[in-house]
Amino acid sequence: MQESGFSLMVILCILVVLWWGWKVLESIWWRPKKLERLLKEQGVKVTPYNLLFGDLKENMRLLKEARSKPMNLSHDIVPRVLPFHLQTVRKLGKTSAFWFGTNPRLYIMDPNLIRDIMNKFDQFVKIKGNRLTRLFIGGLATYDGEKWAKHRRIINPAFHVEKLKRMLSAFYTTSNEMVSKWEKLVASEGSCELDVWPELQNLTGDVISRAAFGSSYEEGKRIFKLQGEQAELFIQSFQTAFIPGFSFLPTKRNRRMKEIDREVRTLLMGIINKRQKTMKVAEANNDDLLGLLLESNDTEIQENKNKKNVGMTIEEVIQECKLFYFAGQETTSVLLVWTMVVLSMHSEWQVRAREEVLQVFGKNKPGFDGLNHLKIVTMILYEVLRLYPPLLFLDRCTYKNIKLGEISLPPGIQVMLPIVLLHHDHEVWGEDAEEFKPERFAEGISKATNNQVSFFPFGWGPRICIGQQFAMTEAKMALAMVLQRFAFELSPSYAHAPTTVVTLHPQYGAQIILHKL
């Protein structure tokens with residue numbers, strides 16, 4: 001009896017091992033080769049499949065090589081920031097695919113197809129990352145379907161133009177603190193060299209702390225430091241992302257990512273709890289994003305008492321706050337640093353921008369309506385976003401059979417929208433695509449793009465970034481106040497080296513020489 005029971009256990013164990021082995025083999029070989037065959041039959045060229053890791057090693061090798069030294073002082077940044085993808089598209093053509101681990105990922109560079117994907121956001125969904133991805137970022141940017149619609153509806157009121165006007169004082173106060181500090185630095189000599197990259201990161205961190213949470217940068221800077229470390233660890237995790245179950249192993253990196261997540265959640269929970277208590281006992285000032293979010297969430301719950309799954313849970317509010325912190329700081333600091341670098345390279349546009357700012361505001365405090373009437377400054381910011389987009393690409397995934405142009409895509413096919421490749425595409429922008437020419441946007445985005453979806457630094461369509469106007473208004477305020485007080489140029493110590501740490505950073509900083517006006 002015991003022997004037969006033991007034999008049964010052995011057979012069961014063997015069956016489990018065989019089943020598990022079959023599932024692993026199916027995921028790392030049979031499925032990838034089936035998808036590869038399907039794409040090739042439709043004329044899509046695909047890079048050779050390397051078991052498990054796909055093109056990761058070659059991608060990392062080319063990136064490491066590109067980052068090993070600065071580039072020439074030009075705007076032709078694609079060979080440095082996306083060398084593998086540029087090489088693949090040049091070799092295989094725009095209708096091609098590469099391997100992201102065990103998944104073929106199709107390049108989409110036709111503006112009409114990009115429009116289809118962006119509009120059909122219910123069919124082309126966000127790619128679900130592993131548990132490490134979720135430790136790094138969550139919230140609205142990662143949701144689909146009904147959950148996305150609900151969160152967007154609740155968050156929308158916080159970004160209404162009237163609410164944005166109330167946050168203008170936070171933009172001004174923080175920008176004024178930064179330029180006042182800079183004035184003290186140049187006071188004795190009339191000029192000084194300064195790495196403006198950490199300065200601008202502090203600026204946008206302080207702005208999002210005040211505008212989102214009504215607190216100073218001092219209260220939020222620990223969160224920013226942790227989020228920055230989490231971003232670095234998240235990028236590193238791609239080296240092992242395709243090994244089944246690796247994200248669950250208690251490695252040093254995995255443990256640290258979980259520790260950071262716990263600390264960030266604790267800090268945010270403290271801010272949220274403090275605000276909720278204030279809202280219960282008094283008429284709280286809900287002019288910041290957190291207050292507006294909690295107020296809108298309460299309204300949603302009250303108006304839908306008899307329905308299921310209404311409103312956001314506290315966990316979901318925490319995820320949205322993490323997104324506020326990361327996206328709110330990163331996008332604008334990246335835009336501002338490259339704008340200062342580019343205007344240092346093109347002094348004639350710096351002069352034109354300053355003349356416009358002084359004509360509209362003089363040396364006075366910039367106002368909301370005036371910022372919206374800065375035509376030259378807006379043209380400059382758009383052209384910087386074209387040449388140096390904060391995010392280099394967007395990814396989407398199919399969950400059912402979909403026809404995209406002439407190609408039939410099965411469930412699980414991933415597509416890549418390479419923003420920076422489109423923004424630098426000579427076929428779209430002309431032979432001068434690598435040149436800084438803000439006049440492209442003199443008559444707006446639609447005219448510059450011939451109504452094509454070829455410029456989308458904040459995304460496009462129904463899922464366009466909800467914080468776009470927030471970021472642009474903040475950037476205009478900071479840039480206007482810098483232009484009112486300083487002329488600036490690149491330091492001889494500046495090394496031009498755009499690089500990606502989730503968003504597009506200056507690898508060696510941004511050393512600028514400030515001159516007091």
# chains A, B, ... in the order shown; residues from 1 in each chain; ligands from 1
>>> residues_around(residues="Glu183 of chain A", least_positions_apart="2", cutoff="10 Å", atoms="only C-alpha atoms", output="PDB file with C-alpha atoms, in the first residue's frame")
ATOM      1  CA  GLU A 177      13.595  81.046  -5.035  1.00  0.00           C
ATOM      2  CA  MET A 178      15.789  79.429  -7.695  1.00  0.00           C
ATOM      3  CA  VAL A 179      16.583  82.605  -9.682  1.00  0.00           C
ATOM      4  CA  SER A 180      17.170  84.554  -6.442  1.00  0.00           C
ATOM      5  CA  LYS A 181      19.712  81.932  -5.412  1.00  0.00           C
ATOM      6  CA  LEU A 185      25.910  83.328  -7.021  1.00  0.00           C
ATOM      7  CA  VAL A 186      26.657  85.809  -9.815  1.00  0.00           C
ATOM      8  CA  ALA A 187      26.527  88.933  -7.642  1.00  0.00           C
ATOM      9  CA  SER A 188      30.258  89.392  -7.035  1.00  0.00           C
ATOM     10  CA  GLY A 190      28.636  89.254 -12.653  1.00  0.00           C
ATOM     11  CA  SER A 191      28.764  85.663 -13.938  1.00  0.00           C
ATOM     12  CA  CYS A 192      29.351  82.132 -12.692  1.00  0.00           C
ATOM     13  CA  ARG A 485      17.398  87.969 -15.117  1.00  0.00           C
ATOM     14  CA  PHE A 486      20.150  86.122 -17.009  1.00  0.00           C
ATOM     15  CA  LEU A 514      25.148  82.542 -16.168  1.00  0.00           C
ATOM     16  CA  HIS A 515      25.544  86.274 -16.847  1.00  0.00           C
ATOM     17  CA  LYS A 516      23.560  88.772 -14.781  1.00  0.00           C
ATOM     18  CA  LEU A 517      21.555  91.187 -16.919  1.00  0.00           C
TER      19      LEU A 517
END
>>> residues_around(residues="segment 291-299 of chain A", least_positions_apart="2", cutoff="8 Å", atoms="only C-alpha atoms", output="number ranges by chain")
A: 154-155, 157-158, 213, 275, 285-289, 301-303, 311-312
>>> write_last_selection(atoms="N, CA and C atoms", output="CSV table (one decimal), in the first residue's frame")
chain,number,residue,atom,x,y,z
A,154,ILE,N,-12.0,60.8,-12.2
A,154,ILE,CA,-11.8,61.4,-10.9
A,154,ILE,C,-10.7,62.4,-10.9
A,155,ILE,N,-9.6,62.1,-11.6
A,155,ILE,CA,-8.4,63.0,-11.6
A,155,ILE,C,-8.6,64.3,-12.5
A,157,PRO,N,-10.8,66.7,-12.8
A,157,PRO,CA,-11.0,68.1,-12.2
A,157,PRO,C,-9.8,68.7,-11.6
A,158,ALA,N,-8.8,68.0,-11.2
A,158,ALA,CA,-7.6,68.5,-10.6
A,158,ALA,C,-6.8,69.3,-11.6
A,213,PHE,N,0.9,68.6,-3.2
A,213,PHE,CA,0.7,68.2,-1.8
A,213,PHE,C,0.7,69.4,-0.8
A,275,ARG,N,-3.8,65.0,5.4
A,275,ARG,CA,-4.7,65.8,4.6
A,275,ARG,C,-6.2,65.3,4.9
A,285,ASN,N,-8.0,73.7,2.5
A,285,ASN,CA,-7.7,74.4,1.2
A,285,ASN,C,-7.4,73.3,0.2
A,286,ASN,N,-8.3,73.1,-0.7
A,286,ASN,CA,-8.1,72.0,-1.7
A,286,ASN,C,-7.6,72.5,-3.1
A,287,ASP,N,-6.7,73.4,-3.0
A,287,ASP,CA,-6.2,74.0,-4.3
A,287,ASP,C,-5.0,73.2,-4.8
A,288,ASP,N,-4.5,72.2,-4.1
A,288,ASP,CA,-3.4,71.4,-4.6
A,288,ASP,C,-4.0,70.1,-5.2
A,289,LEU,N,-3.2,69.3,-5.9
A,289,LEU,CA,-3.6,68.1,-6.6
A,289,LEU,C,-4.2,67.1,-5.7
A,301,ILE,N,-17.7,58.8,-5.0
A,301,ILE,CA,-18.3,57.8,-4.1
A,301,ILE,C,-19.7,58.2,-3.6
A,302,GLN,N,-19.9,59.5,-3.3
A,302,GLN,CA,-21.2,59.9,-2.8
A,302,GLN,C,-22.3,59.8,-3.9
A,303,GLU,N,-21.9,60.1,-5.1
A,303,GLU,CA,-22.8,60.1,-6.3
A,303,GLU,C,-23.1,58.7,-6.8
A,311,GLY,N,-15.1,54.9,-6.9
A,311,GLY,CA,-14.1,55.7,-6.2
A,311,GLY,C,-12.8,54.9,-6.2
A,312,MET,N,-11.8,55.6,-5.6
A,312,MET,CA,-10.4,55.0,-5.5
A,312,MET,C,-10.2,54.5,-4.1
>>> atom_distance(atom1="atom CA of Lys64 of chain A", atom2="atom CA of Pro79 of chain A")
12.1 Å
>>> atom_distance(atom1="atom CA of Ile114 of chain A", atom2="atom CA of Tyr49 of chain A")
25.8 Å
>>> residues_around(residues="Val78 of chain A", least_positions_apart="3", cutoff="10 Å", atoms="only C-alpha atoms", output="PDB file with N, CA and C atoms, in the first residue's frame")
ATOM      1  N   HIS A  75      22.251  68.074 -32.534  1.00  0.00           N
ATOM      2  CA  HIS A  75      20.967  67.549 -32.089  1.00  0.00           C
ATOM      3  C   HIS A  75      20.675  66.169 -32.679  1.00  0.00           C
ATOM      4  N   VAL A  81      21.161  57.578 -28.158  1.00  0.00           N
ATOM      5  CA  VAL A  81      20.138  57.193 -27.173  1.00  0.00           C
ATOM      6  C   VAL A  81      19.367  55.927 -27.558  1.00  0.00           C
ATOM      7  N   LEU A  82      19.265  55.637 -28.873  1.00  0.00           N
ATOM      8  CA  LEU A  82      18.603  54.405 -29.323  1.00  0.00           C
ATOM      9  C   LEU A  82      19.418  53.748 -30.443  1.00  0.00           C
ATOM     10  N   PRO A  83      20.685  53.433 -30.178  1.00  0.00           N
ATOM     11  CA  PRO A  83      21.543  52.919 -31.255  1.00  0.00           C
ATOM     12  C   PRO A  83      21.051  51.618 -31.863  1.00  0.00           C
ATOM     13  N   PHE A  84      20.580  50.693 -31.032  1.00  0.00           N
ATOM     14  CA  PHE A  84      20.123  49.396 -31.553  1.00  0.00           C
ATOM     15  C   PHE A  84      18.914  49.576 -32.461  1.00  0.00           C
ATOM     16  N   HIS A  85      17.950  50.368 -32.023  1.00  0.00           N
ATOM     17  CA  HIS A  85      16.713  50.528 -32.795  1.00  0.00           C
ATOM     18  C   HIS A  85      16.962  51.280 -34.096  1.00  0.00           C
ATOM     19  N   LEU A  86      17.827  52.280 -34.047  1.00  0.00           N
ATOM     20  CA  LEU A  86      18.180  53.001 -35.269  1.00  0.00           C
ATOM     21  C   LEU A  86      18.863  52.054 -36.259  1.00  0.00           C
ATOM     22  N   LEU A 387      13.144  67.529 -30.579  1.00  0.00           N
ATOM     23  CA  LEU A 387      14.516  67.036 -30.656  1.00  0.00           C
ATOM     24  C   LEU A 387      14.934  66.207 -29.441  1.00  0.00           C
ATOM     25  N   TYR A 388      14.413  66.563 -28.261  1.00  0.00           N
ATOM     26  CA  TYR A 388      14.794  65.903 -27.003  1.00  0.00           C
ATOM     27  C   TYR A 388      13.536  65.490 -26.226  1.00  0.00           C
ATOM     28  N   LEU A 392      11.392  58.351 -24.886  1.00  0.00           N
ATOM     29  CA  LEU A 392      11.866  58.063 -26.235  1.00  0.00           C
ATOM     30  C   LEU A 392      10.913  57.199 -27.036  1.00  0.00           C
ATOM     31  N   VAL A 420      11.243  59.281 -30.541  1.00  0.00           N
ATOM     32  CA  VAL A 420      12.437  60.024 -30.951  1.00  0.00           C
ATOM     33  C   VAL A 420      12.818  59.731 -32.405  1.00  0.00           C
ATOM     34  N   LEU A 421      12.573  58.510 -32.890  1.00  0.00           N
ATOM     35  CA  LEU A 421      12.842  58.208 -34.294  1.00  0.00           C
ATOM     36  C   LEU A 421      11.902  58.990 -35.198  1.00  0.00           C
ATOM     37  N   HIS A 423      10.375  61.831 -34.422  1.00  0.00           N
ATOM     38  CA  HIS A 423      10.678  63.251 -34.284  1.00  0.00           C
ATOM     39  C   HIS A 423      11.918  63.670 -35.084  1.00  0.00           C
ATOM     40  N   HIS A 424      12.763  62.697 -35.420  1.00  0.00           N
ATOM     41  CA  HIS A 424      13.986  62.984 -36.176  1.00  0.00           C
ATOM     42  C   HIS A 424      13.929  62.415 -37.599  1.00  0.00           C
ATOM     43  N   GLU A 434      17.367  67.355 -38.144  1.00  0.00           N
ATOM     44  CA  GLU A 434      18.273  67.390 -36.993  1.00  0.00           C
ATOM     45  C   GLU A 434      18.595  68.815 -36.556  1.00  0.00           C
ATOM     46  N   PRO A 498      23.276  63.164 -24.067  1.00  0.00           N
ATOM     47  CA  PRO A 498      21.925  62.727 -23.699  1.00  0.00           C
ATOM     48  C   PRO A 498      21.914  61.226 -23.437  1.00  0.00           C
TER      49      PRO A 498
END
>>> closest_residue(among="A:Pro492, A:Lys274, A:Glu41, A:Phe100", to="Glu58 of chain A", atoms="only C-alpha atoms")
A:Phe100
